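Source file: work22.cif. Holds: mmCIF, C-alpha atoms.
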```cif
data_query
loop_
_atom_site.label_atom_id
_atom_site.label_comp_id
_atom_site.auth_asym_id
_atom_site.auth_seq_id
_atom_site.Cartn_x
_atom_site.Cartn_y
_atom_site.Cartn_z
CA MET A 1 -7.43 25.34 -0.46
CA SER A 2 -4.37 27.43 0.35
CA ASP A 3 -1.82 28.25 -2.34
CA THR A 4 1.01 26.88 -0.22
CA LEU A 5 1.44 24.08 2.26
CA GLN A 6 3.57 23.57 5.31
CA PRO A 7 6.02 20.83 4.29
CA VAL A 8 6.01 17.68 6.36
CA GLN A 9 8.71 17.60 9.02
CA ILE A 10 9.77 14.00 9.35
CA SER A 11 10.72 13.08 12.91
CA ARG A 12 14.44 12.54 13.20
CA LYS A 13 14.02 9.63 15.55
CA PRO A 14 11.34 7.28 14.32
CA ALA A 15 9.16 5.97 17.09
CA PRO A 16 8.36 2.32 17.81
CA ALA A 17 4.77 1.27 18.43
CA GLN A 18 3.64 1.15 22.05
CA GLY A 19 3.59 -2.30 23.64
CA SER A 20 1.72 -3.69 26.61
CA ARG A 21 4.50 -5.91 27.97
CA ASP A 22 8.29 -6.12 28.16
CA PRO A 23 10.27 -7.69 25.33
CA LEU A 24 11.18 -11.36 25.68
CA THR A 25 14.68 -12.24 26.79
CA ALA A 26 17.05 -13.61 24.14
CA ASP A 27 16.46 -17.17 25.40
CA GLU A 28 12.70 -16.74 25.47
CA ALA A 29 12.79 -15.31 21.96
CA ARG A 30 14.86 -18.22 20.65
CA ARG A 31 12.43 -20.71 22.15
CA ALA A 32 9.40 -18.87 20.76
CA ILE A 33 10.89 -18.73 17.26
CA ARG A 34 11.81 -22.43 17.37
CA ALA A 35 8.30 -23.33 18.51
CA ALA A 36 6.83 -21.28 15.67
CA GLU A 37 9.14 -23.01 13.20
CA THR A 38 7.98 -26.41 14.38
CA ALA A 39 4.32 -25.39 14.11
CA LEU A 40 4.54 -23.78 10.69
CA LEU A 41 7.08 -25.97 8.91
CA ASP A 42 6.83 -29.40 10.59
CA GLU A 43 3.26 -29.54 11.87
CA ARG A 44 2.13 -27.21 9.10
CA ARG A 45 -0.41 -25.44 11.21
CA MET A 46 -1.26 -21.79 11.78
CA LEU A 47 -0.04 -20.18 14.96
CA THR A 48 -2.48 -19.33 17.72
CA ALA A 49 -3.07 -15.72 18.71
CA ASP A 50 -0.99 -16.24 21.87
CA GLU A 51 1.91 -17.69 19.91
CA LEU A 52 1.83 -14.73 17.54
CA ALA A 53 1.68 -12.24 20.39
CA GLU A 54 4.81 -13.72 21.89
CA LEU A 55 6.69 -13.29 18.61
CA ALA A 56 5.65 -9.63 18.45
CA TYR A 57 7.70 -9.04 21.57
CA VAL A 58 11.00 -10.62 20.59
CA PRO A 59 13.87 -8.15 21.17
CA ASP A 60 15.32 -6.20 18.25
CA ALA A 61 18.36 -8.48 18.15
CA SER A 62 16.06 -11.43 17.36
CA VAL A 63 14.30 -9.73 14.44
CA PRO A 64 16.70 -11.19 11.82
CA SER A 65 15.92 -14.69 13.17
CA LEU A 66 12.21 -13.92 12.99
CA ALA A 67 12.68 -12.68 9.43
CA ALA A 68 14.59 -15.84 8.48
CA LEU A 69 11.71 -17.96 9.77
CA ALA A 70 9.21 -15.85 7.82
CA HIS A 71 11.22 -16.39 4.65
CA GLU A 72 11.23 -20.16 5.20
CA VAL A 73 7.48 -20.06 5.81
CA ARG A 74 6.91 -18.12 2.63
CA LEU A 75 8.99 -20.60 0.59
CA ALA A 76 7.31 -23.62 2.18
CA TRP A 77 3.75 -22.34 1.86
CA CYS A 78 3.85 -20.19 -1.28
CA GLY A 79 6.95 -21.11 -3.26
CA PRO A 80 9.73 -18.91 -4.64
CA GLU A 81 7.77 -16.77 -7.11
CA VAL A 82 7.22 -13.05 -6.67
CA GLU A 83 4.13 -11.41 -8.12
CA VAL A 84 4.65 -8.01 -9.68
CA GLU A 85 1.82 -5.49 -10.02
CA GLY A 86 1.38 -1.97 -11.33
CA ILE A 87 -1.22 0.40 -9.95
CA LEU A 88 -2.84 3.51 -11.37
CA SER A 89 -4.87 6.23 -9.75
CA ALA A 90 -7.44 6.55 -12.51
CA LYS A 91 -9.49 9.14 -10.62
CA THR A 92 -7.40 11.22 -8.24
CA GLY A 93 -8.40 13.35 -5.26
CA GLY A 94 -11.75 14.81 -4.32
CA CYS A 95 -12.70 11.81 -2.18
CA PRO A 96 -15.52 12.57 0.26
CA GLU A 97 -14.11 10.24 2.93
CA ASP A 98 -11.80 11.45 5.69
CA CYS A 99 -9.16 8.71 5.98
CA HIS A 100 -6.62 10.65 8.04
CA PHE A 101 -3.59 9.28 6.22
CA CYS A 102 -4.79 10.12 2.73
CA SER A 103 -3.81 13.12 0.62
CA GLN A 104 -6.74 12.42 -1.71
CA SER A 105 -9.44 13.30 0.80
CA SER A 106 -11.38 16.47 -0.02
CA LYS A 107 -11.61 17.11 3.72
CA PHE A 108 -7.95 18.10 3.98
CA ASP A 109 -5.86 20.82 2.35
CA THR A 110 -3.18 18.74 0.65
CA VAL A 111 -0.98 19.03 -2.42
CA VAL A 112 -3.32 16.83 -4.43
CA LYS A 113 -5.58 18.58 -6.90
CA ALA A 114 -8.58 16.53 -7.94
CA THR A 115 -8.60 15.23 -11.49
CA PRO A 116 -11.41 13.37 -13.29
CA PHE A 117 -11.47 9.73 -14.38
CA LEU A 118 -8.71 9.30 -16.94
CA ASP A 119 -9.59 8.58 -20.55
CA THR A 120 -9.57 4.98 -21.71
CA ASP A 121 -6.43 5.63 -23.77
CA GLU A 122 -4.59 6.95 -20.71
CA VAL A 123 -5.56 3.97 -18.56
CA LEU A 124 -4.62 1.57 -21.31
CA ALA A 125 -1.25 3.28 -21.79
CA ALA A 126 -0.54 2.84 -18.07
CA ALA A 127 -1.51 -0.83 -18.28
CA LYS A 128 0.87 -1.27 -21.20
CA GLU A 129 3.63 0.38 -19.15
CA THR A 130 2.88 -2.14 -16.42
CA ALA A 131 2.93 -5.11 -18.78
CA ALA A 132 6.25 -3.95 -20.22
CA LEU A 133 7.73 -4.11 -16.72
CA GLY A 134 6.94 -7.82 -16.49
CA ALA A 135 3.94 -7.48 -14.21
CA SER A 136 1.00 -9.89 -14.19
CA GLU A 137 -1.51 -7.68 -12.37
CA PHE A 138 -2.77 -4.14 -12.96
CA CYS A 139 -4.96 -2.37 -10.46
CA ILE A 140 -7.24 0.54 -11.33
CA VAL A 141 -7.67 2.66 -8.22
CA LEU A 142 -10.30 5.34 -7.75
CA ALA A 143 -10.52 7.91 -4.96
CA VAL A 144 -14.21 7.44 -4.20
CA ARG A 145 -16.41 6.30 -1.34
CA GLY A 146 -17.89 3.76 -3.71
CA PRO A 147 -18.58 3.60 -7.43
CA ASP A 148 -21.58 5.45 -8.88
CA GLU A 149 -23.29 4.11 -11.98
CA ARG A 150 -21.12 6.12 -14.38
CA THR A 151 -17.99 4.80 -12.66
CA MET A 152 -19.29 1.25 -12.83
CA GLU A 153 -19.87 1.60 -16.56
CA ARG A 154 -16.36 2.96 -17.09
CA LEU A 155 -14.83 0.12 -15.08
CA LEU A 156 -16.81 -2.51 -16.90
CA GLU A 157 -15.71 -0.97 -20.20
CA LEU A 158 -12.04 -0.81 -19.18
CA VAL A 159 -11.51 -4.25 -17.66
CA PRO A 160 -11.97 -6.36 -20.83
CA ILE A 161 -10.05 -3.85 -22.95
CA ILE A 162 -7.04 -3.94 -20.64
CA ASN A 163 -7.14 -7.68 -20.22
CA GLY A 164 -7.56 -8.23 -23.95
CA GLU A 165 -4.83 -5.84 -25.05
CA THR A 166 -2.21 -6.57 -22.40
CA GLY A 167 -3.00 -10.02 -21.01
CA LEU A 168 -2.79 -8.57 -17.50
CA ASN A 169 -5.14 -9.64 -14.76
CA VAL A 170 -7.14 -6.58 -13.84
CA ALA A 171 -7.83 -5.58 -10.27
CA VAL A 172 -10.01 -2.72 -9.11
CA SER A 173 -10.09 -0.58 -5.98
CA ALA A 174 -13.19 1.59 -5.94
CA GLY A 175 -14.31 1.69 -2.33
CA ILE A 176 -17.43 0.33 -0.71
CA LEU A 177 -19.56 -1.92 -2.91
CA THR A 178 -23.21 -2.91 -2.93
CA PRO A 179 -24.02 -6.60 -3.51
CA GLU A 180 -25.20 -5.78 -7.03
CA GLN A 181 -22.01 -3.90 -7.84
CA ALA A 182 -19.84 -6.72 -6.53
CA LYS A 183 -21.65 -9.18 -8.77
CA ARG A 184 -21.37 -6.94 -11.84
CA LEU A 185 -17.64 -6.43 -11.31
CA ALA A 186 -17.08 -10.15 -10.87
CA ASP A 187 -19.16 -10.93 -13.97
CA GLY A 188 -17.26 -8.20 -15.83
CA GLY A 189 -13.93 -9.94 -15.37
CA VAL A 190 -12.43 -8.19 -12.36
CA HIS A 191 -9.85 -10.65 -11.12
CA ARG A 192 -9.13 -9.16 -7.73
CA TYR A 193 -10.78 -6.38 -5.73
CA ASN A 194 -8.83 -4.27 -3.27
CA HIS A 195 -10.46 -3.05 -0.10
CA ASN A 196 -8.14 -2.55 2.85
CA LEU A 197 -9.04 -2.91 6.50
CA GLU A 198 -6.07 -0.55 7.06
CA THR A 199 -6.05 -0.96 10.83
CA ALA A 200 -7.60 -2.85 13.72
CA ARG A 201 -11.29 -2.47 14.36
CA SER A 202 -10.57 -0.92 17.77
CA TYR A 203 -8.35 1.78 16.23
CA PHE A 204 -10.36 2.46 13.08
CA PRO A 205 -12.38 5.37 14.57
CA GLU A 206 -9.07 7.21 15.11
CA VAL A 207 -8.30 6.87 11.41
CA VAL A 208 -11.64 7.27 9.63
CA THR A 209 -14.89 8.84 10.83
CA SER A 210 -16.85 9.04 7.56
CA HIS A 211 -17.49 5.31 7.41
CA ASP A 212 -16.97 2.48 9.83
CA TRP A 213 -14.92 -0.68 9.96
CA THR A 214 -17.98 -2.88 9.48
CA GLU A 215 -18.67 -1.32 6.09
CA ARG A 216 -15.17 -2.30 5.03
CA GLU A 217 -15.60 -5.82 6.33
CA GLU A 218 -18.92 -6.16 4.48
CA THR A 219 -17.36 -5.18 1.17
CA CYS A 220 -14.57 -7.69 1.78
CA SER A 221 -17.21 -10.40 2.26
CA LEU A 222 -19.04 -9.37 -0.92
CA VAL A 223 -15.84 -9.62 -2.92
CA ARG A 224 -15.26 -13.20 -1.85
CA GLU A 225 -18.91 -14.25 -2.10
CA ASN A 226 -18.96 -13.13 -5.72
CA GLY A 227 -15.86 -15.05 -6.67
CA MET A 228 -13.32 -12.28 -6.97
CA GLU A 229 -10.00 -12.62 -5.20
CA LEU A 230 -9.88 -10.35 -2.17
CA CYS A 231 -6.95 -7.98 -1.77
CA CYS A 232 -7.18 -6.61 1.74
CA GLY A 233 -4.30 -4.72 3.25
CA ALA A 234 -2.96 -2.82 6.18
CA LEU A 235 -1.30 0.52 6.83
CA LEU A 236 1.14 0.51 9.72
CA GLY A 237 2.49 3.56 11.49
CA MET A 238 -0.72 5.48 12.20
CA GLY A 239 -0.24 5.47 15.96
CA GLU A 240 -1.69 2.02 16.57
CA THR A 241 -0.23 -0.12 19.34
CA ILE A 242 1.46 -3.49 19.02
CA ASP A 243 -1.63 -5.15 20.43
CA GLN A 244 -3.79 -3.41 17.83
CA ARG A 245 -1.51 -4.70 15.08
CA LEU A 246 -2.01 -8.18 16.49
CA GLU A 247 -5.75 -7.56 16.59
CA LEU A 248 -5.62 -6.56 12.92
CA LEU A 249 -3.82 -9.79 12.06
CA GLY A 250 -6.65 -11.75 13.67
CA GLN A 251 -9.21 -9.75 11.73
CA LEU A 252 -7.33 -10.24 8.47
CA ARG A 253 -7.41 -13.98 9.11
CA GLU A 254 -11.19 -13.73 9.45
CA VAL A 255 -11.73 -11.89 6.15
CA ASP A 256 -9.43 -14.45 4.51
CA PRO A 257 -7.82 -12.44 1.70
CA THR A 258 -5.86 -13.80 -1.22
CA GLU A 259 -3.53 -10.84 -1.09
CA VAL A 260 -2.42 -8.54 1.71
CA PRO A 261 -0.70 -5.33 0.60
CA LEU A 262 1.40 -4.03 3.47
CA ASN A 263 1.72 -0.25 3.54
CA PHE A 264 3.76 1.95 5.84
CA LEU A 265 2.61 5.46 6.55
CA LYS A 266 4.28 8.16 4.54
CA PRO A 267 3.04 11.28 6.30
CA MET A 268 1.28 13.57 3.84
CA ALA A 269 1.34 17.35 4.27
CA GLY A 270 -2.07 18.70 5.18
CA THR A 271 -3.50 15.44 6.55
CA PRO A 272 -4.19 14.85 10.25
CA PHE A 273 -1.37 12.27 10.27
CA ALA A 274 1.23 14.60 8.75
CA HIS A 275 3.00 14.87 12.09
CA LEU A 276 3.38 11.15 12.81
CA PRO A 277 6.88 9.68 13.01
CA ALA A 278 8.11 7.12 10.53
CA VAL A 279 8.05 3.41 11.30
CA GLU A 280 11.60 2.32 12.16
CA PRO A 281 13.18 0.17 9.44
CA LEU A 282 13.83 -2.76 11.78
CA GLU A 283 10.32 -2.51 13.16
CA ALA A 284 9.00 -2.65 9.60
CA ILE A 285 11.01 -5.84 9.02
CA ARG A 286 9.62 -7.29 12.27
CA TRP A 287 6.05 -6.66 11.10
CA ILE A 288 6.61 -7.92 7.58
CA ALA A 289 7.82 -11.13 9.18
CA LEU A 290 4.89 -11.27 11.60
CA PHE A 291 2.40 -10.74 8.80
CA ARG A 292 3.92 -13.66 6.89
CA ILE A 293 4.03 -15.86 9.97
CA ALA A 294 0.42 -15.00 10.83
CA LEU A 295 -0.82 -15.34 7.25
CA PRO A 296 1.34 -18.05 5.69
CA THR A 297 -0.81 -18.62 2.62
CA VAL A 298 -1.36 -15.08 1.40
CA ILE A 299 0.31 -13.06 -1.30
CA LEU A 300 2.07 -10.52 0.92
CA ARG A 301 2.80 -7.45 -1.13
CA TYR A 302 5.21 -4.62 -0.56
CA ALA A 303 3.02 -1.57 -1.07
CA GLY A 304 3.15 2.14 -0.30
CA GLY A 305 5.81 3.72 1.87
CA ARG A 306 8.51 1.09 1.52
CA GLU A 307 11.08 3.45 0.04
CA PHE A 308 10.33 5.99 2.73
CA THR A 309 10.30 3.51 5.62
CA LEU A 310 12.86 0.88 4.71
CA GLY A 311 15.41 2.76 2.67
CA ASP A 312 18.41 0.46 2.34
CA LEU A 313 16.57 -2.48 3.95
CA GLN A 314 14.19 -3.06 1.03
CA ALA A 315 15.95 -6.25 -0.07
CA MET A 316 15.74 -7.54 3.49
CA GLY A 317 11.95 -7.29 3.32
CA MET A 318 12.03 -9.67 0.37
CA THR A 319 13.73 -12.24 2.59
CA SER A 320 11.35 -11.58 5.49
CA GLY A 321 8.16 -12.94 3.98
CA ILE A 322 7.24 -10.61 1.13
CA ASN A 323 6.35 -12.39 -2.12
CA ALA A 324 4.87 -9.61 -4.21
CA LEU A 325 5.51 -6.00 -4.90
CA ILE A 326 4.09 -2.93 -6.53
CA ILE A 327 6.51 -1.95 -9.22
CA GLY A 328 7.05 1.61 -10.34
CA ASN A 329 5.04 4.47 -8.95
CA TYR A 330 2.25 4.54 -6.42
CA LEU A 331 -1.00 6.49 -6.61
CA THR A 332 0.18 10.02 -5.87
CA TYR A 333 3.91 9.63 -5.33
CA LEU A 334 6.77 7.81 -6.93
CA GLY A 335 8.46 4.51 -6.30
CA ARG A 336 12.06 3.68 -6.97
CA SER A 337 12.84 2.70 -10.53
CA PRO A 338 11.38 -0.57 -11.81
CA GLN A 339 14.87 -1.53 -12.97
CA GLU A 340 16.15 -1.36 -9.39
CA ASP A 341 13.37 -3.63 -8.19
CA LEU A 342 13.82 -6.11 -11.02
CA LYS A 343 17.56 -6.19 -10.37
CA MET A 344 16.89 -6.76 -6.67
CA LEU A 345 14.70 -9.78 -7.52
CA ASP A 346 17.29 -11.08 -9.95
CA ASP A 347 20.08 -10.66 -7.41
CA LEU A 348 17.99 -12.55 -4.85
CA ARG A 349 17.25 -15.31 -7.41
CA MET A 350 13.55 -14.70 -6.98
CA PRO A 351 11.61 -15.50 -10.15
CA VAL A 352 8.75 -13.24 -11.20
CA GLY A 353 5.60 -15.29 -11.54
CA LEU A 354 1.88 -15.55 -11.16
CA LEU A 355 0.55 -16.32 -7.70
CA SER A 356 -2.75 -17.26 -6.21
CA LYS A 357 -3.67 -18.17 -2.72
CA VAL A 358 -2.50 -21.50 -1.37
CA ILE A 359 -5.47 -23.59 -0.30
CA MET B 1 7.49 23.75 -20.14
CA SER B 2 10.86 22.53 -19.01
CA GLU B 3 11.82 21.58 -15.48
CA ALA B 4 15.11 23.36 -16.17
CA THR B 5 13.38 26.75 -16.27
CA ALA B 6 14.66 28.91 -13.40
CA ALA B 7 12.37 28.21 -10.47
CA ALA B 8 10.62 31.20 -8.93
CA PHE B 9 8.64 28.96 -6.59
CA CYS B 10 9.24 25.70 -4.75
CA ASP B 11 7.47 22.95 -6.65
CA GLY B 12 6.95 20.99 -3.42
CA CYS B 13 5.08 23.57 -1.32
CA GLY B 14 4.39 26.52 -3.63
CA ARG B 15 6.34 29.08 -1.60
CA PRO B 16 8.58 31.66 -3.33
CA ALA B 17 12.01 30.20 -3.98
CA ALA B 18 13.49 32.82 -1.65
CA GLU B 19 11.47 31.32 1.23
CA CYS B 20 11.88 27.63 0.42
CA ALA B 21 15.00 26.22 -1.15
CA GLY B 22 13.14 23.08 -2.18
CA CYS B 23 11.34 20.78 0.20
CA ARG B 24 10.13 18.19 -2.30
CA TRP B 25 11.04 14.63 -1.35
CA GLU B 26 12.81 12.73 -4.10
CA TYR B 27 9.82 10.38 -4.48
CA ASP B 28 7.23 13.14 -4.81
CA PRO B 29 6.31 14.57 -8.20
CA PRO B 30 6.12 18.36 -8.38
CA HIS B 31 2.77 19.66 -7.16
CA PHE B 32 3.20 23.42 -7.64
CA CYS B 33 4.24 25.28 -10.76
CA SER B 34 7.80 26.51 -10.37
CA GLN B 35 6.97 29.60 -12.42
CA CYS B 36 3.80 30.84 -10.74
CA GLY B 37 3.50 28.75 -7.57
CA VAL B 38 -0.01 27.57 -8.39
CA ARG B 39 -1.06 24.03 -7.52
CA MET B 40 -0.92 21.70 -10.53
CA ALA B 41 -3.06 18.74 -11.53
CA VAL B 42 -0.80 15.70 -11.29
CA ASN B 43 -1.34 12.23 -12.67
CA VAL B 44 1.09 9.49 -11.68
CA SER B 45 1.36 6.31 -13.75
CA PRO B 46 3.47 3.21 -13.07
CA ASN B 47 6.41 4.48 -15.07
CA GLY B 48 6.02 8.25 -15.12
CA TRP B 49 4.03 11.32 -14.17
CA LYS B 50 2.37 14.31 -15.75
CA ALA B 51 1.79 17.69 -14.06
CA ARG B 52 -0.29 20.44 -15.61
CA CYS B 53 -0.30 24.14 -14.76
CA LYS B 54 -3.30 25.89 -16.32
CA THR B 55 -1.07 28.87 -17.18
CA HIS B 56 2.30 27.34 -17.95
CA GLY B 57 1.41 24.01 -19.48
CA GLU B 58 2.49 20.47 -18.86
CA ILE B 59 5.59 18.78 -17.51
CA THR B 60 5.96 15.06 -18.10
CA ARG B 61 8.43 12.44 -16.95
CA GLY B 62 8.62 8.91 -18.20
#
```

Once more with this new file: its structure as C-alpha cells, please.
Amino acid sequence: MSDTLQPVQISRKPAPAQGSRDPLTADEARRAIRAAETALLDERRMLTADELAELAYVPDASVPSLAALAHEVRLAWCGPEVEVEGILSAKTGGCPEDCHFCSQSSKFDTVVKATPFLDTDEVLAAAKETAALGASEFCIVLAVRGPDERTMERLLELVPIINGETGLNVAVSAGILTPEQAKRLADGGVHRYNHNLETARSYFPEVVTSHDWTEREETCSLVRENGMELCCGALLGMGETIDQRLELLGQLREVDPTEVPLNFLKPMAGTPFAHLPAVEPLEAIRWIALFRIALPTVILRYAGGREFTLGDLQAMGMTSGINALIIGNYLTYLGRSPQEDLKMLDDLRMPVGLLSKVI
Amino acid sequence: MSEATAAAFCDGCGRPAAECAGCRWEYDPPHFCSQCGVRMAVNVSPNGWKARCKTHGEITRG
C-alpha cells in the first residue's frame, strides 16, 4: 500500500449509458407510457421485456412522465409506506475478491485500511443508533468472500442479541453461502440476506473476476430456499450499456428478491473504476423508474451513491418508485444527515413503515 | 486528537498540506492522519464514524 493516493477526478460531464437504438419520439414515448400504465394499473400485469425496452428509450423530456407512472405503480402495488434501514460494515476491508468498484478489496490500493470484526458492543451500539432513527431493519455487512466458521458463530451470536435489544429485523450480508450456512443463518433468525447481482450476467466478467455470476445466483437461490427474504441489488454506472441494464432487470425478476437496493457508482480512488464518470441525475431517475416499473412488487431501496449521483434530485427519486432507503451512513463513506432524510419523507407525506414483498 | 489541530497533511489523500489543499469529498470520512499523513483505520456507523491513527489517537464524529 502506498502512503498517499491519487484523488478521484470526477468527470465534469457525466456520461449516459450507451444504447443500441435511437430514443423514441415524444409521441411514441407518450404511447409507450400510456400502454405501460394500462398494463400495470388496469390489467395489473407485469410488462414484457419488449415493453420495458421501449420505456428505456423514452427521450429525456419524457423521464418525469415515466417517473410519475413509477410512483403510481409503487403506490398501487406496495402502498405508501417507506422502509428505513441502517447498515454497518462490521468487518471492513481486506476482502479477497476483486469487485472493481469496491474500496474494500485487498487487490487494490485504496484509502480503506482493513479492520477486524467489530466487538459485540460496537455492533449493538450501531444497531441502537439505527433504531433511534426510526428504522425497522439493520444490516450487518462483512467484507468477505463468504463466512468462515468463526464468522458464522459471531453472526449467530449477534442476530438474537440485536433483535432482542432493539426490536429491529436483522439482515446480513456476508458473501457467498453454502447450503448449510444458509440454513443456519435462517434458523438463527436472519430476516433478510443481502447478496447483489450488481450487474447483468453478460457484463459481470468486466466487474469481477474472482468469482462468477452463477455463484451469486446460487447464493440468492439458497437464501430463498431457506426461508430468508432475499435482498438482491444492482450497481449502475460501471460502464454497462442500456441493454445490459435491461438484461439485469430480467435476471432480477428470475431471482425474485423481496428487496432491491439500487446503488449508483461512486468512483473510489485506487479501484479500477475510479476513472468512470458519474451517472447523470436524470438518467438515475429514469432507471429508478424503470426498476420500479419492471419490479412492481419489490421493496426498492435507495442505497449507495445517491448523494453523489442525485444531489438535489433525491426527493424526486422518492416519487419515482423508491419505497425504502438506507438512512445515515453507508459502509465506508457518509450519507446525508438522517434528519434531512426524515424531513424529506415528512414533507412528501410518506409514512415510515414496515414492508414485505407483495405476493 | 482534535480535527481542529493545524493540518500538516491532507486527510483525504495523505499528501503534505502544501501539495494538496484538501481533496476529501464532504461525504468521505478522513482516511489519513492530518498530523503525520499515515493511513488510519476507519469505522463508519449509521450515525457517526471513528478514525484511529496508531500514533496520534482517535477522532470520532457522532

Go through chain B and flag each residue having an atom no more than 12 Å from chain A; for those, report the closest pair of atoms plus their distance in Å to one decimal, using only C-alpha atoms, ordered by chain and rising number, as a tab-separated table.
```
residue	atom	partner	partner_atom	distance
B:Phe9	CA	A:Thr4	CA	10.2
B:Cys10	CA	A:Thr4	CA	9.5
B:Asp11	CA	A:Thr4	CA	9.9
B:Gly12	CA	A:Pro7	CA	7.8
B:Cys13	CA	A:Leu5	CA	5.1
B:Gly14	CA	A:Thr4	CA	4.8
B:Arg15	CA	A:Thr4	CA	5.9
B:Pro16	CA	A:Thr4	CA	9.5
B:Glu19	CA	A:Thr4	CA	11.5
B:Cys20	CA	A:Pro7	CA	9.8
B:Ala21	CA	A:Pro7	CA	11.8
B:Gly22	CA	A:Pro7	CA	9.9
B:Cys23	CA	A:Pro7	CA	6.7
B:Arg24	CA	A:Pro7	CA	8.2
B:Trp25	CA	A:Tyr333	CA	9.6
B:Glu26	CA	A:Leu334	CA	8.3
B:Tyr27	CA	A:Leu334	CA	4.7
B:Asp28	CA	A:Tyr333	CA	4.9
B:Pro29	CA	A:Tyr333	CA	6.2
B:Pro30	CA	A:Val111	CA	9.3
B:His31	CA	A:Val111	CA	6.1
B:Phe32	CA	A:Val111	CA	8.0
B:Cys33	CA	A:Asp3	CA	10.8
B:Cys36	CA	A:Asp3	CA	10.4
B:Gly37	CA	A:Asp3	CA	7.5
B:Val38	CA	A:Asp3	CA	6.4
B:Arg39	CA	A:Asp3	CA	6.7
B:Met40	CA	A:Lys113	CA	6.7
B:Ala41	CA	A:Lys113	CA	5.3
B:Val42	CA	A:Lys113	CA	7.1
B:Asn43	CA	A:Thr332	CA	7.3
B:Val44	CA	A:Thr332	CA	5.9
B:Ser45	CA	A:Leu88	CA	5.6
B:Pro46	CA	A:Asn329	CA	4.6
B:Asn47	CA	A:Gly328	CA	5.6
B:Gly48	CA	A:Asn329	CA	7.3
B:Trp49	CA	A:Leu334	CA	8.5
B:Lys50	CA	A:Thr332	CA	11.0
B:Ala51	CA	A:Lys113	CA	10.3
B:Arg52	CA	A:Lys113	CA	10.4
B:Cys53	CA	A:Lys113	CA	11.0
B:Arg61	CA	A:Leu334	CA	11.2
B:Gly62	CA	A:Glu129	CA	9.9
```

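Residues matching the PyMOL selection byres ((chain A and resi 31) around 12) in this structure come to Leu24, Thr25, Ala26, Asp27, Glu28, Ala29, Arg30, Ala32, Ile33, Arg34, Ala35, Ala36, Glu37, Thr38, Glu51, Glu54, Leu55, Val58, Ser62, Ser65 and Leu66 of chain A.
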
Save out the residues we just selected, C-alpha atoms, as a CSV table (one decimal), in the coordinates of the input.
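Okay, this is what ended up in part34.csv:
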```csv
chain,number,residue,atom,x,y,z
A,24,LEU,CA,11.2,-11.4,25.7
A,25,THR,CA,14.7,-12.2,26.8
A,26,ALA,CA,17.0,-13.6,24.1
A,27,ASP,CA,16.5,-17.2,25.4
A,28,GLU,CA,12.7,-16.7,25.5
A,29,ALA,CA,12.8,-15.3,22.0
A,30,ARG,CA,14.9,-18.2,20.6
A,32,ALA,CA,9.4,-18.9,20.8
A,33,ILE,CA,10.9,-18.7,17.3
A,34,ARG,CA,11.8,-22.4,17.4
A,35,ALA,CA,8.3,-23.3,18.5
A,36,ALA,CA,6.8,-21.3,15.7
A,37,GLU,CA,9.1,-23.0,13.2
A,38,THR,CA,8.0,-26.4,14.4
A,51,GLU,CA,1.9,-17.7,19.9
A,54,GLU,CA,4.8,-13.7,21.9
A,55,LEU,CA,6.7,-13.3,18.6
A,58,VAL,CA,11.0,-10.6,20.6
A,62,SER,CA,16.1,-11.4,17.4
A,65,SER,CA,15.9,-14.7,13.2
A,66,LEU,CA,12.2,-13.9,13.0
```

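Across the structure, CA of Lys107 (chain A) and CA of Val208 (chain A) are spaced 11.5 Å apart.
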
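Put simply, the PyMOL selection byres ((chain A and resi 228) around 10) on this file hits A:Ala171, A:Ala182, A:Lys183, A:Leu185, A:Ala186, A:Asp187, A:Gly189, A:Val190, A:His191, A:Arg192, A:Tyr193, A:Asn194, A:Cys220, A:Leu222, A:Val223, A:Arg224, A:Glu225, A:Asn226, A:Gly227, A:Glu229, A:Leu230, A:Cys231, A:Thr258.
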
Could you write out that same residue set with C-alpha atoms as a PDB file, in the coordinates of the input?
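The resulting file, result-v3.pdb, is reproduced below:
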```
ATOM      1  CA  ALA A 171      -7.830  -5.580 -10.270  1.00  0.00           C
ATOM      2  CA  ALA A 182     -19.840  -6.720  -6.530  1.00  0.00           C
ATOM      3  CA  LYS A 183     -21.650  -9.180  -8.770  1.00  0.00           C
ATOM      4  CA  LEU A 185     -17.640  -6.430 -11.310  1.00  0.00           C
ATOM      5  CA  ALA A 186     -17.080 -10.150 -10.870  1.00  0.00           C
ATOM      6  CA  ASP A 187     -19.160 -10.930 -13.970  1.00  0.00           C
ATOM      7  CA  GLY A 189     -13.930  -9.940 -15.370  1.00  0.00           C
ATOM      8  CA  VAL A 190     -12.430  -8.190 -12.360  1.00  0.00           C
ATOM      9  CA  HIS A 191      -9.850 -10.650 -11.120  1.00  0.00           C
ATOM     10  CA  ARG A 192      -9.130  -9.160  -7.730  1.00  0.00           C
ATOM     11  CA  TYR A 193     -10.780  -6.380  -5.730  1.00  0.00           C
ATOM     12  CA  ASN A 194      -8.830  -4.270  -3.270  1.00  0.00           C
ATOM     13  CA  CYS A 220     -14.570  -7.690   1.780  1.00  0.00           C
ATOM     14  CA  LEU A 222     -19.040  -9.370  -0.920  1.00  0.00           C
ATOM     15  CA  VAL A 223     -15.840  -9.620  -2.920  1.00  0.00           C
ATOM     16  CA  ARG A 224     -15.260 -13.200  -1.850  1.00  0.00           C
ATOM     17  CA  GLU A 225     -18.910 -14.250  -2.100  1.00  0.00           C
ATOM     18  CA  ASN A 226     -18.960 -13.130  -5.720  1.00  0.00           C
ATOM     19  CA  GLY A 227     -15.860 -15.050  -6.670  1.00  0.00           C
ATOM     20  CA  GLU A 229     -10.000 -12.620  -5.200  1.00  0.00           C
ATOM     21  CA  LEU A 230      -9.880 -10.350  -2.170  1.00  0.00           C
ATOM     22  CA  CYS A 231      -6.950  -7.980  -1.770  1.00  0.00           C
ATOM     23  CA  THR A 258      -5.860 -13.800  -1.220  1.00  0.00           C
TER      24      THR A 258
END
```

Inset, instruction - Name all residues at most 9 Å from Phe291 (chain A) (count only C-alpha atoms; drop same-chain ones fewer than 4 positions away) and give them as a PyMOL selection string. - result: chain A and resi 70+249+260+262+286-287+295-296+300+321

Inset, instruction - Would you mind reading off the distance between CA of Tyr57 (chain A) and CA of Ile285 (chain A), one decimal, in Å? - result: 13.4 Å

Legend entry - Answer as an NGL selection string, residues within 12 Å of (-20.0, -0.9, -16.0) using only C-alpha atoms: :A and (147-160 or 180-190)
